[in-house]
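Below: the structure, in structure tokens.
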Amino acid sequence: MPTYPDPPVTFVRGAGSRLWDDSGKRYLDFLSGLAVTSLGHCHPVVAAALAAQARRLLHVSNLFATTIGSEVAATLDRLVGGGGQVFFCNSGAEANECAIKLARKWGGHGRYVVASAYGSFHGRTLATLHATGQPSKHEAFQPLPEGFRHVAWNDVAALEGALDPSVAAVLLEPVQGEGGIQVASEEYFRGVRRLCDERGILFMVDEVQTGLGRTGEWFGFQHFAVQPDVVTVAKALGNGVPIGACWARREVAAAFEPGDHATTYGGQPLAAAAARAVLAVMEMEDVPVRAAAAGHRLREGLRALPGVREVRGLGLLLAAELDGPRAGAVAAAALEAGLVVNALTPSALRLAPSLLVTDNQIDEGLGLLAEALATA
Ligand code: PLP
């Protein structure tokens with residue numbers, strides 16, 4: 001269906017930070033899907049885990065136990081901060097759907113509203129679309145499910161003004177990704193945590209784009225020294241294999257009873273085997289530290305490029321604000337030159353390379369981008 005514009009290139013192969021198209025042309029990938037292939041394309045450890053699991057066991061339904069999902073859940077729980085439980089699903093939107101349903105079940109009668117921020121992005125299902133604070137995306141799909149409220153981003157007072165007894169949860173990204181790579185302030189996240197504690201409201205953090213090392217910490221909220229009640233992840237968890245997860249504090253997760261929520265594929269052995277391998281490589285490579293160092297190099301390099309007015313973001317989730325509304329033309333010229341980036345807004349490019357990107361590749365990418373900025 002025509003839900004995306006016509007694709008400019010057909011990719012047929014990937015390895016690490018490299019991609020090849022159907023004519024054999026080679027590219028440097030500074031987009032990683034959309035912040036998905038954090039370990040690069042076809043990481044050998046992940047590929048081997050998938051091949052081995054495909055021969056051992058693919059699926060048995062969630063009526064029966066398998067071993068891998070619980071291992072992945074234990075690792076995620078440890079990285080988030082401990083004391084929680086995990087529900088597995090297949091995407092970021094589904095992880096947020098789980099969070100929204102959990103907030104409603106936890107909140108009880110009359111307490112069901114999820115407050116989120118303008119500029120946010122939480123998914124494309126009807127509920128997560130309404131949680132997404134971009135009214136232009138809502139128009140064609142009314143009526144959307146009830147129970148969502150939007151407040152100004154990065155503004156504790158605006159949130160406070162929107163909280164009444166019907167609010168069960170606040171849902172925020174630590175860095176608004178699709179909304180333009182807008183980083184939350186520490187003061188904001190700490191203020192939201194305080195408000196949620198005072199009012200007995202859940203603080204739910206959408207780490208679908210920011211999670212698993214990309215920002216220079218395991219999770220974006222860890223930059224702000226707060227602990228959320230619910231955390232959602234997807235994208236990088238499978239390094240390209242569809243898997244999502246919703247983590248919640250054990251007392252919050254306990255609101256769900258058998259039958260409240262379910263999924264045929266969530267946590268199935270193939271996706272879980274990918275996630276187990278991804279997390280093992282991520283811990284071995286200490287990807288948050290790598291993302292922080294590589295992010296610093298990329299940020300400094302971008303700042304020095306003629307035509308770049310500002311660089312925003314954390315770690316290896318960056319936006320380069322250009323000197324005019326020419327991000328589409330620059331992204332197209334970069335692709336022509338052999339560099340994959342995307343136009344995040346009319347005037348900003350998104351850069352989200354693999355967390356294993358090398359210094360040489362960063363320098364090469366900066367050179368290709370300089371070329372594109374000069375020709376577009
Ligand atoms: N939440 C955030 C912060 C995202 O960036 C995205 C996707 O870009 C989603 C949720 C939706 O994830 P998915 O496309 O896997 O449903």
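Identifiers for the structure tokens are assigned positionally: chains receive A, B, ... in sequence, residues are indexed from 1 per chain, and ligands are indexed from 1 in the order shown.
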
With a cut-off of 9 Å, could you pull out the residues of chain A touching ligand 1 and give me the nearest pair of atoms for each, distance in Å to one decimal, using only C-alpha atoms and all ligand atoms, ordered by chain and ascending number, as a Markdown table?
| residue | atom | partner | partner_atom_place_in_ligand_line | distance |
| --- | --- | --- | --- | --- |
| A:Leu34 | CA | ligand 1 | 8 (O) | 6.8 |
| A:Ala35 | CA | ligand 1 | 8 (O) | 8.3 |
| A:Asn90 | CA | ligand 1 | 15 (O) | 7.5 |
| A:Ser91 | CA | ligand 1 | 15 (O) | 3.9 |
| A:Gly92 | CA | ligand 1 | 12 (O) | 3.3 |
| A:Ala93 | CA | ligand 1 | 16 (O) | 3.6 |
| A:Glu94 | CA | ligand 1 | 16 (O) | 6.3 |
| A:Ala95 | CA | ligand 1 | 16 (O) | 7.9 |
| A:Asn96 | CA | ligand 1 | 10 (C) | 6.9 |
| A:Ser120 | CA | ligand 1 | 3 (C) | 7.4 |
| A:Phe121 | CA | ligand 1 | 2 (C) | 5.3 |
| A:His122 | CA | ligand 1 | 1 (N) | 3.8 |
| A:Gly123 | CA | ligand 1 | 11 (C) | 3.9 |
| A:Arg124 | CA | ligand 1 | 16 (O) | 6.6 |
| A:Thr125 | CA | ligand 1 | 16 (O) | 7.9 |
| A:Thr128 | CA | ligand 1 | 10 (C) | 8.0 |
| A:Thr132 | CA | ligand 1 | 1 (N) | 8.7 |
| A:Leu172 | CA | ligand 1 | 3 (C) | 8.5 |
| A:Glu173 | CA | ligand 1 | 3 (C) | 6.0 |
| A:Pro174 | CA | ligand 1 | 3 (C) | 8.8 |
| A:Val175 | CA | ligand 1 | 3 (C) | 8.2 |
| A:Gln176 | CA | ligand 1 | 3 (C) | 6.8 |
| A:Gly177 | CA | ligand 1 | 5 (O) | 5.5 |
| A:Glu178 | CA | ligand 1 | 5 (O) | 5.8 |
| A:Gly179 | CA | ligand 1 | 5 (O) | 8.8 |
| A:Asp206 | CA | ligand 1 | 3 (C) | 5.6 |
| A:Glu207 | CA | ligand 1 | 3 (C) | 6.1 |
| A:Val208 | CA | ligand 1 | 2 (C) | 4.7 |
| A:Gln209 | CA | ligand 1 | 5 (O) | 4.5 |
| A:Thr210 | CA | ligand 1 | 3 (C) | 7.2 |
| A:Thr232 | CA | ligand 1 | 1 (N) | 8.1 |
| A:Val233 | CA | ligand 1 | 1 (N) | 8.1 |
| A:Ala234 | CA | ligand 1 | 15 (O) | 6.2 |
| A:Lys235 | CA | ligand 1 | 15 (O) | 6.1 |
| A:Pro242 | CA | ligand 1 | 15 (O) | 7.8 |
| A:Ile243 | CA | ligand 1 | 15 (O) | 8.2 |
| A:Gly244 | CA | ligand 1 | 15 (O) | 7.4 |

Keeping only N, CA, C and O atoms, write the selected residues to a file as a compact mmCIF listing (two decimals), in the first residue's frame.
# COMPACT_ATOMS: atom_id res chain seq x y z
N LEU A 34 15.96 2.64 11.30
CA LEU A 34 15.76 3.91 12.00
C LEU A 34 16.18 3.63 13.43
O LEU A 34 15.35 3.29 14.27
N ALA A 35 17.50 3.68 13.66
CA ALA A 35 18.06 3.39 14.99
C ALA A 35 17.75 1.95 15.42
O ALA A 35 17.43 1.70 16.58
N ASN A 90 6.17 -7.47 19.58
CA ASN A 90 6.89 -7.52 18.30
C ASN A 90 7.32 -6.18 17.74
O ASN A 90 7.90 -6.13 16.65
N SER A 91 7.03 -5.10 18.42
CA SER A 91 7.34 -3.77 17.88
C SER A 91 7.27 -2.72 18.99
O SER A 91 6.80 -3.02 20.10
N GLY A 92 7.68 -1.51 18.63
CA GLY A 92 7.62 -0.41 19.59
C GLY A 92 6.19 -0.01 19.92
O GLY A 92 5.85 0.24 21.07
N ALA A 93 5.36 0.06 18.88
CA ALA A 93 3.96 0.44 19.12
C ALA A 93 3.29 -0.57 20.06
O ALA A 93 2.56 -0.19 20.98
N GLU A 94 3.56 -1.84 19.84
CA GLU A 94 2.96 -2.86 20.72
C GLU A 94 3.49 -2.76 22.15
O GLU A 94 2.76 -3.04 23.10
N ALA A 95 4.77 -2.41 22.29
CA ALA A 95 5.32 -2.24 23.64
C ALA A 95 4.58 -1.10 24.35
O ALA A 95 4.23 -1.20 25.53
N ASN A 96 4.30 -0.02 23.59
CA ASN A 96 3.57 1.10 24.20
C ASN A 96 2.09 0.76 24.43
O ASN A 96 1.49 1.21 25.40
N SER A 120 5.83 14.38 20.53
CA SER A 120 6.27 13.00 20.80
C SER A 120 5.88 12.07 19.66
O SER A 120 5.05 12.41 18.81
N PHE A 121 6.47 10.88 19.67
CA PHE A 121 6.06 9.81 18.76
C PHE A 121 6.05 8.51 19.53
O PHE A 121 7.07 8.12 20.11
N HIS A 122 4.90 7.84 19.53
CA HIS A 122 4.80 6.59 20.29
C HIS A 122 4.28 5.42 19.47
O HIS A 122 4.10 4.33 20.01
N GLY A 123 4.00 5.63 18.17
CA GLY A 123 3.57 4.51 17.34
C GLY A 123 2.39 4.87 16.46
O GLY A 123 1.88 6.00 16.50
N ARG A 124 1.93 3.89 15.67
CA ARG A 124 0.91 4.14 14.65
C ARG A 124 -0.37 3.35 14.86
O ARG A 124 -1.28 3.42 14.03
N THR A 125 -0.44 2.49 15.90
CA THR A 125 -1.72 1.85 16.19
C THR A 125 -2.66 2.95 16.70
O THR A 125 -2.21 4.05 17.03
N THR A 128 -1.63 4.24 20.26
CA THR A 128 -0.31 4.89 20.32
C THR A 128 -0.26 6.12 19.40
O THR A 128 0.49 7.05 19.65
N THR A 132 0.73 9.80 20.59
CA THR A 132 1.67 10.62 19.81
C THR A 132 1.18 12.07 19.77
O THR A 132 0.06 12.33 19.30
N LEU A 172 6.65 9.57 28.30
CA LEU A 172 7.58 10.51 27.68
C LEU A 172 8.77 9.78 27.07
O LEU A 172 9.19 8.74 27.58
N GLU A 173 9.34 10.37 26.01
CA GLU A 173 10.64 9.93 25.49
C GLU A 173 11.73 10.78 26.17
O GLU A 173 11.52 11.99 26.36
N PRO A 174 12.88 10.20 26.46
CA PRO A 174 13.98 11.01 27.02
C PRO A 174 14.55 11.98 25.98
O PRO A 174 15.00 13.07 26.29
N VAL A 175 14.56 11.52 24.72
CA VAL A 175 14.89 12.39 23.59
C VAL A 175 13.77 12.16 22.59
O VAL A 175 13.55 11.02 22.16
N GLN A 176 13.04 13.20 22.24
CA GLN A 176 12.01 13.02 21.21
C GLN A 176 12.71 12.72 19.90
O GLN A 176 13.46 13.57 19.37
N GLY A 177 12.51 11.51 19.38
CA GLY A 177 13.23 11.08 18.18
C GLY A 177 12.59 11.60 16.91
O GLY A 177 13.10 12.53 16.27
N GLU A 178 11.41 11.04 16.58
CA GLU A 178 10.72 11.48 15.36
C GLU A 178 10.35 12.96 15.45
O GLU A 178 10.18 13.63 14.44
N GLY A 179 10.20 13.46 16.66
CA GLY A 179 9.84 14.87 16.87
C GLY A 179 11.00 15.83 16.65
O GLY A 179 10.88 17.02 16.96
N ASP A 206 9.31 5.92 27.15
CA ASP A 206 9.39 5.26 25.84
C ASP A 206 10.84 5.30 25.37
O ASP A 206 11.34 6.34 24.94
N GLU A 207 11.51 4.15 25.49
CA GLU A 207 12.92 4.04 25.10
C GLU A 207 13.06 3.27 23.78
O GLU A 207 14.11 2.68 23.53
N VAL A 208 12.01 3.29 22.97
CA VAL A 208 12.03 2.51 21.73
C VAL A 208 13.17 2.98 20.82
O VAL A 208 13.86 2.15 20.23
N GLN A 209 13.37 4.28 20.73
CA GLN A 209 14.45 4.79 19.87
C GLN A 209 15.74 5.04 20.64
O GLN A 209 16.84 4.92 20.11
N THR A 210 15.62 5.39 21.91
CA THR A 210 16.77 5.82 22.70
C THR A 210 17.45 4.67 23.46
O THR A 210 18.59 4.82 23.89
N THR A 232 9.54 1.08 27.89
CA THR A 232 9.31 0.29 26.68
C THR A 232 10.53 0.34 25.77
O THR A 232 11.20 1.38 25.65
N VAL A 233 10.84 -0.80 25.16
CA VAL A 233 11.97 -0.89 24.21
C VAL A 233 11.52 -1.70 22.99
O VAL A 233 10.55 -2.45 23.04
N ALA A 234 12.25 -1.57 21.91
CA ALA A 234 12.02 -2.37 20.69
C ALA A 234 13.27 -2.18 19.82
O ALA A 234 14.37 -2.45 20.29
N LYS A 235 13.07 -1.69 18.60
CA LYS A 235 14.16 -1.38 17.65
C LYS A 235 15.46 -2.16 17.88
O LYS A 235 15.62 -3.25 17.35
N PRO A 242 12.19 -8.39 14.48
CA PRO A 242 11.13 -7.70 15.22
C PRO A 242 10.94 -8.26 16.62
O PRO A 242 10.64 -9.44 16.81
N ILE A 243 11.14 -7.40 17.61
CA ILE A 243 10.84 -7.74 19.01
C ILE A 243 10.69 -6.43 19.79
O ILE A 243 11.40 -5.46 19.52
N GLY A 244 9.75 -6.41 20.70
CA GLY A 244 9.57 -5.27 21.58
C GLY A 244 9.39 -5.80 22.99
O GLY A 244 9.13 -6.99 23.19

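Backbone DSSP assigns strand (DSSP E) in region 96-125 of chain A to Val113, Val114, Ala115, Ser116 and Ala117 of chain A.
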
Take the selection from the previous step and output its residues with all heavy atoms, as a short mmCIF file (atom, residue, chain, number, x, y, z; two decimals), in the first residue's frame.
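Full text of again-v5.cif as output:
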data_model
loop_
_atom_site.label_atom_id
_atom_site.label_comp_id
_atom_site.auth_asym_id
_atom_site.auth_seq_id
_atom_site.Cartn_x
_atom_site.Cartn_y
_atom_site.Cartn_z
N VAL A 113 -6.39 8.10 31.96
CA VAL A 113 -5.76 9.02 30.99
C VAL A 113 -4.24 8.86 31.00
O VAL A 113 -3.62 8.74 32.06
CB VAL A 113 -6.14 10.49 31.31
CG1 VAL A 113 -5.31 11.47 30.47
CG2 VAL A 113 -7.63 10.71 31.06
N VAL A 114 -3.66 8.84 29.80
CA VAL A 114 -2.20 8.86 29.66
C VAL A 114 -1.83 10.24 29.11
O VAL A 114 -2.31 10.64 28.04
CB VAL A 114 -1.72 7.75 28.70
CG1 VAL A 114 -0.24 7.89 28.40
CG2 VAL A 114 -2.01 6.38 29.32
N ALA A 115 -1.02 10.95 29.86
CA ALA A 115 -0.57 12.29 29.42
C ALA A 115 0.77 12.14 28.72
O ALA A 115 1.68 11.47 29.22
CB ALA A 115 -0.43 13.21 30.63
N SER A 116 0.89 12.73 27.55
CA SER A 116 2.15 12.69 26.79
C SER A 116 2.44 14.07 26.25
O SER A 116 1.63 14.99 26.42
CB SER A 116 2.07 11.63 25.68
OG SER A 116 0.97 11.92 24.84
N ALA A 117 3.58 14.22 25.58
CA ALA A 117 4.03 15.57 25.21
C ALA A 117 3.78 15.87 23.73
O ALA A 117 3.83 14.98 22.89
CB ALA A 117 5.52 15.70 25.50
#

So that each row is one residue of region 164-245 of chain A with an atom at most 7 Å from region 269-291 of chain A, can you give its shortest atom pair and the distance in Å to one decimal, using only C-alpha atoms, rows by chain and rising number, as a Markdown table?
| residue | atom | partner | partner_atom | distance |
| --- | --- | --- | --- | --- |
| A:Gly213 | CA | A:Pro288 | CA | 4.1 |
| A:Arg214 | CA | A:Ala291 | CA | 6.0 |
| A:Thr215 | CA | A:Ala291 | CA | 6.7 |
| A:Gly216 | CA | A:Pro288 | CA | 4.2 |
| A:Glu217 | CA | A:Pro288 | CA | 4.9 |
| A:Trp218 | CA | A:Pro288 | CA | 5.9 |
| A:Leu237 | CA | A:Ala275 | CA | 5.4 |
| A:Gly238 | CA | A:Ala275 | CA | 4.9 |
| A:Asn239 | CA | A:Val278 | CA | 6.8 |
| A:Val241 | CA | A:Ala271 | CA | 6.2 |
| A:Pro242 | CA | A:Ala271 | CA | 6.7 |
| A:Ile243 | CA | A:Ala271 | CA | 6.1 |

Selection export as a short mmCIF file (atom, residue, chain, number, x, y, z; two decimals), in the first residue's frame, atoms kept: N, CA, C and O atoms:
data_model
loop_
_atom_site.label_atom_id
_atom_site.label_comp_id
_atom_site.auth_asym_id
_atom_site.auth_seq_id
_atom_site.Cartn_x
_atom_site.Cartn_y
_atom_site.Cartn_z
N GLY A 213 21.78 1.71 24.82
CA GLY A 213 23.12 2.25 24.59
C GLY A 213 23.19 3.43 23.64
O GLY A 213 24.18 4.16 23.65
N ARG A 214 22.17 3.64 22.85
CA ARG A 214 22.28 4.63 21.76
C ARG A 214 22.65 6.03 22.26
O ARG A 214 23.40 6.75 21.60
N THR A 215 22.14 6.43 23.40
CA THR A 215 22.37 7.80 23.86
C THR A 215 23.65 7.95 24.68
O THR A 215 23.98 9.05 25.14
N GLY A 216 24.36 6.83 24.90
CA GLY A 216 25.56 6.91 25.74
C GLY A 216 25.31 6.40 27.15
O GLY A 216 26.23 6.38 27.98
N GLU A 217 24.09 6.00 27.45
CA GLU A 217 23.74 5.25 28.66
C GLU A 217 22.91 4.07 28.18
O GLU A 217 22.38 4.10 27.06
N TRP A 218 22.71 3.06 29.03
CA TRP A 218 21.87 1.94 28.59
C TRP A 218 20.49 2.44 28.19
O TRP A 218 19.92 2.03 27.19
N LEU A 237 16.68 -3.90 20.15
CA LEU A 237 16.66 -5.15 20.92
C LEU A 237 16.86 -6.36 20.03
O LEU A 237 17.48 -7.34 20.46
N GLY A 238 16.37 -6.32 18.80
CA GLY A 238 16.55 -7.47 17.90
C GLY A 238 17.56 -7.21 16.81
O GLY A 238 17.81 -8.08 15.98
N ASN A 239 18.13 -6.01 16.77
CA ASN A 239 19.11 -5.62 15.73
C ASN A 239 18.56 -5.89 14.31
O ASN A 239 19.32 -6.21 13.40
N VAL A 241 15.61 -7.92 13.90
CA VAL A 241 14.57 -8.94 14.07
C VAL A 241 13.46 -8.30 14.92
O VAL A 241 13.75 -7.72 15.96
N PRO A 242 12.19 -8.39 14.48
CA PRO A 242 11.13 -7.70 15.22
C PRO A 242 10.94 -8.26 16.62
O PRO A 242 10.64 -9.44 16.81
N ILE A 243 11.14 -7.40 17.61
CA ILE A 243 10.84 -7.74 19.01
C ILE A 243 10.69 -6.43 19.79
O ILE A 243 11.40 -5.46 19.52
#

Exercise: Thr66 (chain A) partners within 10 Å, only C-alpha atoms, chain neighbours under 5 positions left out, as a PyMOL selection string: chain A and resi 57+59-61+71+267-269+272

For the residues in that selection, give me N, CA, C and O atoms as a PDB file, in the first residue's frame.
ATOM      1  N   LEU A  57      14.250 -24.612  17.642  1.00  0.00           N
ATOM      2  CA  LEU A  57      12.834 -24.423  18.019  1.00  0.00           C
ATOM      3  C   LEU A  57      12.421 -23.002  17.639  1.00  0.00           C
ATOM      4  O   LEU A  57      13.063 -22.034  18.045  1.00  0.00           O
ATOM      5  N   HIS A  59       8.777 -21.933  17.611  1.00  0.00           N
ATOM      6  CA  HIS A  59       7.534 -21.433  18.189  1.00  0.00           C
ATOM      7  C   HIS A  59       6.753 -22.545  18.878  1.00  0.00           C
ATOM      8  O   HIS A  59       6.649 -23.645  18.344  1.00  0.00           O
ATOM      9  N   VAL A  60       6.191 -22.226  20.060  1.00  0.00           N
ATOM     10  CA  VAL A  60       5.334 -23.212  20.734  1.00  0.00           C
ATOM     11  C   VAL A  60       4.074 -22.580  21.337  1.00  0.00           C
ATOM     12  O   VAL A  60       3.299 -23.275  21.972  1.00  0.00           O
ATOM     13  N   SER A  61       3.879 -21.280  21.190  1.00  0.00           N
ATOM     14  CA  SER A  61       2.811 -20.478  21.806  1.00  0.00           C
ATOM     15  C   SER A  61       3.220 -20.109  23.234  1.00  0.00           C
ATOM     16  O   SER A  61       4.062 -20.761  23.842  1.00  0.00           O
ATOM     17  N   GLU A  71      15.546 -15.418  30.044  1.00  0.00           N
ATOM     18  CA  GLU A  71      16.936 -14.914  30.148  1.00  0.00           C
ATOM     19  C   GLU A  71      17.018 -13.461  29.667  1.00  0.00           C
ATOM     20  O   GLU A  71      17.683 -12.617  30.282  1.00  0.00           O
ATOM     21  N   GLY A 267       7.967 -12.772  22.355  1.00  0.00           N
ATOM     22  CA  GLY A 267       8.898 -13.580  23.144  1.00  0.00           C
ATOM     23  C   GLY A 267       9.197 -14.939  22.538  1.00  0.00           C
ATOM     24  O   GLY A 267       9.825 -15.785  23.180  1.00  0.00           O
ATOM     25  N   GLN A 268       8.760 -15.163  21.288  1.00  0.00           N
ATOM     26  CA  GLN A 268       8.987 -16.497  20.705  1.00  0.00           C
ATOM     27  C   GLN A 268      10.488 -16.758  20.543  1.00  0.00           C
ATOM     28  O   GLN A 268      11.288 -15.823  20.478  1.00  0.00           O
ATOM     29  N   PRO A 269      10.879 -18.037  20.514  1.00  0.00           N
ATOM     30  CA  PRO A 269      12.305 -18.355  20.626  1.00  0.00           C
ATOM     31  C   PRO A 269      13.212 -17.695  19.585  1.00  0.00           C
ATOM     32  O   PRO A 269      14.340 -17.327  19.914  1.00  0.00           O
ATOM     33  N   ALA A 272      13.644 -14.041  20.558  1.00  0.00           N
ATOM     34  CA  ALA A 272      14.322 -14.001  21.856  1.00  0.00           C
ATOM     35  C   ALA A 272      15.793 -14.400  21.714  1.00  0.00           C
ATOM     36  O   ALA A 272      16.671 -13.848  22.388  1.00  0.00           O
TER      37      ALA A 272
END

Each residue of region 186-229 of chain A with at least one atom at most 8 Å from region 145-160 of chain A should appear once, together with its nearest atom pair and the corresponding distance in Å (one decimal); atoms considered: only C-alpha atoms; ordering: chain, then increasing residue number; output as CSV.
residue,atom,partner,partner_atom,distance
A:Tyr188,CA,A:Asn154,CA,5.6
A:Gly191,CA,A:Val156,CA,6.1
A:Val192,CA,A:Val156,CA,6.4
A:Leu195,CA,A:Glu160,CA,7.2

Expected answer as a count of residues only: helix (DSSP H, G or I) residues in region 45-224 of chain A: 80

Atomic separation - CA of Ile181 (chain A) relative to CA of Pro135 (chain A), Å: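 Going from CA of Pro135 (chain A) over to CA of Ile181 (chain A) covers 18.3 Å.
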
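Residues in contact range of Ala333 (chain A), defined as at most 8 Å between only C-alpha atoms, with sequence neighbours fewer than 5 positions away removed, read Ala372, Leu373, Thr375 and Ala376 of chain A.
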
Create the file for the chosen residues now, containing N, CA, C and O atoms and written as a PDB file, in the first residue's frame.
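Final output, saved to out.pdb:
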ATOM      1  N   ALA A 372      27.927  16.362   0.135  1.00  0.00           N
ATOM      2  CA  ALA A 372      26.495  16.508  -0.129  1.00  0.00           C
ATOM      3  C   ALA A 372      26.022  17.931   0.193  1.00  0.00           C
ATOM      4  O   ALA A 372      25.228  18.513  -0.545  1.00  0.00           O
ATOM      5  N   LEU A 373      26.526  18.480   1.298  1.00  0.00           N
ATOM      6  CA  LEU A 373      26.124  19.846   1.676  1.00  0.00           C
ATOM      7  C   LEU A 373      26.598  20.847   0.620  1.00  0.00           C
ATOM      8  O   LEU A 373      25.923  21.854   0.371  1.00  0.00           O
ATOM      9  N   THR A 375      26.993  20.215  -2.619  1.00  0.00           N
ATOM     10  CA  THR A 375      26.374  20.050  -3.946  1.00  0.00           C
ATOM     11  C   THR A 375      24.860  20.222  -3.936  1.00  0.00           C
ATOM     12  O   THR A 375      24.266  20.558  -4.964  1.00  0.00           O
ATOM     13  N   ALA A 376      24.196  19.984  -2.768  1.00  0.00           N
ATOM     14  CA  ALA A 376      22.712  19.982  -2.753  1.00  0.00           C
ATOM     15  C   ALA A 376      22.145  21.391  -2.921  1.00  0.00           C
ATOM     16  O   ALA A 376      22.734  22.350  -2.482  1.00  0.00           O
TER      17      ALA A 376
END

A:Val330, A:Glu310, A:Ala348, A:Pro353 ranked by distance to Gly295 (chain A), top pick (using only C-alpha atoms):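 Under the stated criterion, the closest residue is A:Pro353.
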
Selected residue of minimal separation from Val226 (chain A) among A:Phe87, A:Trp20, A:Trp106, A:Phe189, counting only C-alpha atoms: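 Smallest distance to Val226 (chain A) is found for A:Phe189.
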
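Coordinates place CA of His223 (chain A) at a distance of 25.1 Å from CA of Leu163 (chain A).
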
Spatial neighbours of Asp77 (chain A), max dist 10 Å, only C-alpha atoms, sep filter under 3 positions, as a ChimeraX atom specification: /A:71-74,80-86,231,247-249

Residue contacts of Gly338 (chain A) (9 Å, only C-alpha atoms) excluding same-chain residues fewer than 3 positions away, as a list in words: Lys25, Arg26, Tyr27, Leu28, Asp29, Ala333, Ala334, Leu335, Gly365 and Leu368 of chain A

Residue neighbourhood region 37-52 of chain A, 6 Å, only C-alpha atoms, exclusion window fewer than 4 positions, as a list in words: Gly14, Ala15, Gly16, Ser17, Ser32, Ala236, Asn239, Gly240, Ala274, Ala277, Ser354, Leu355 and Leu356 of chain A

Which of A:Gln142, A:Ser185, A:Ser70, A:Thr263 sits closest to Gly220 (chain A) [using only C-alpha atoms]: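 Smallest distance to Gly220 (chain A) is found for A:Ser185.
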
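One distance worth recording is that between CA of Glu364 (chain A) and CA of Pro5 (chain A), which is 28.3 Å.
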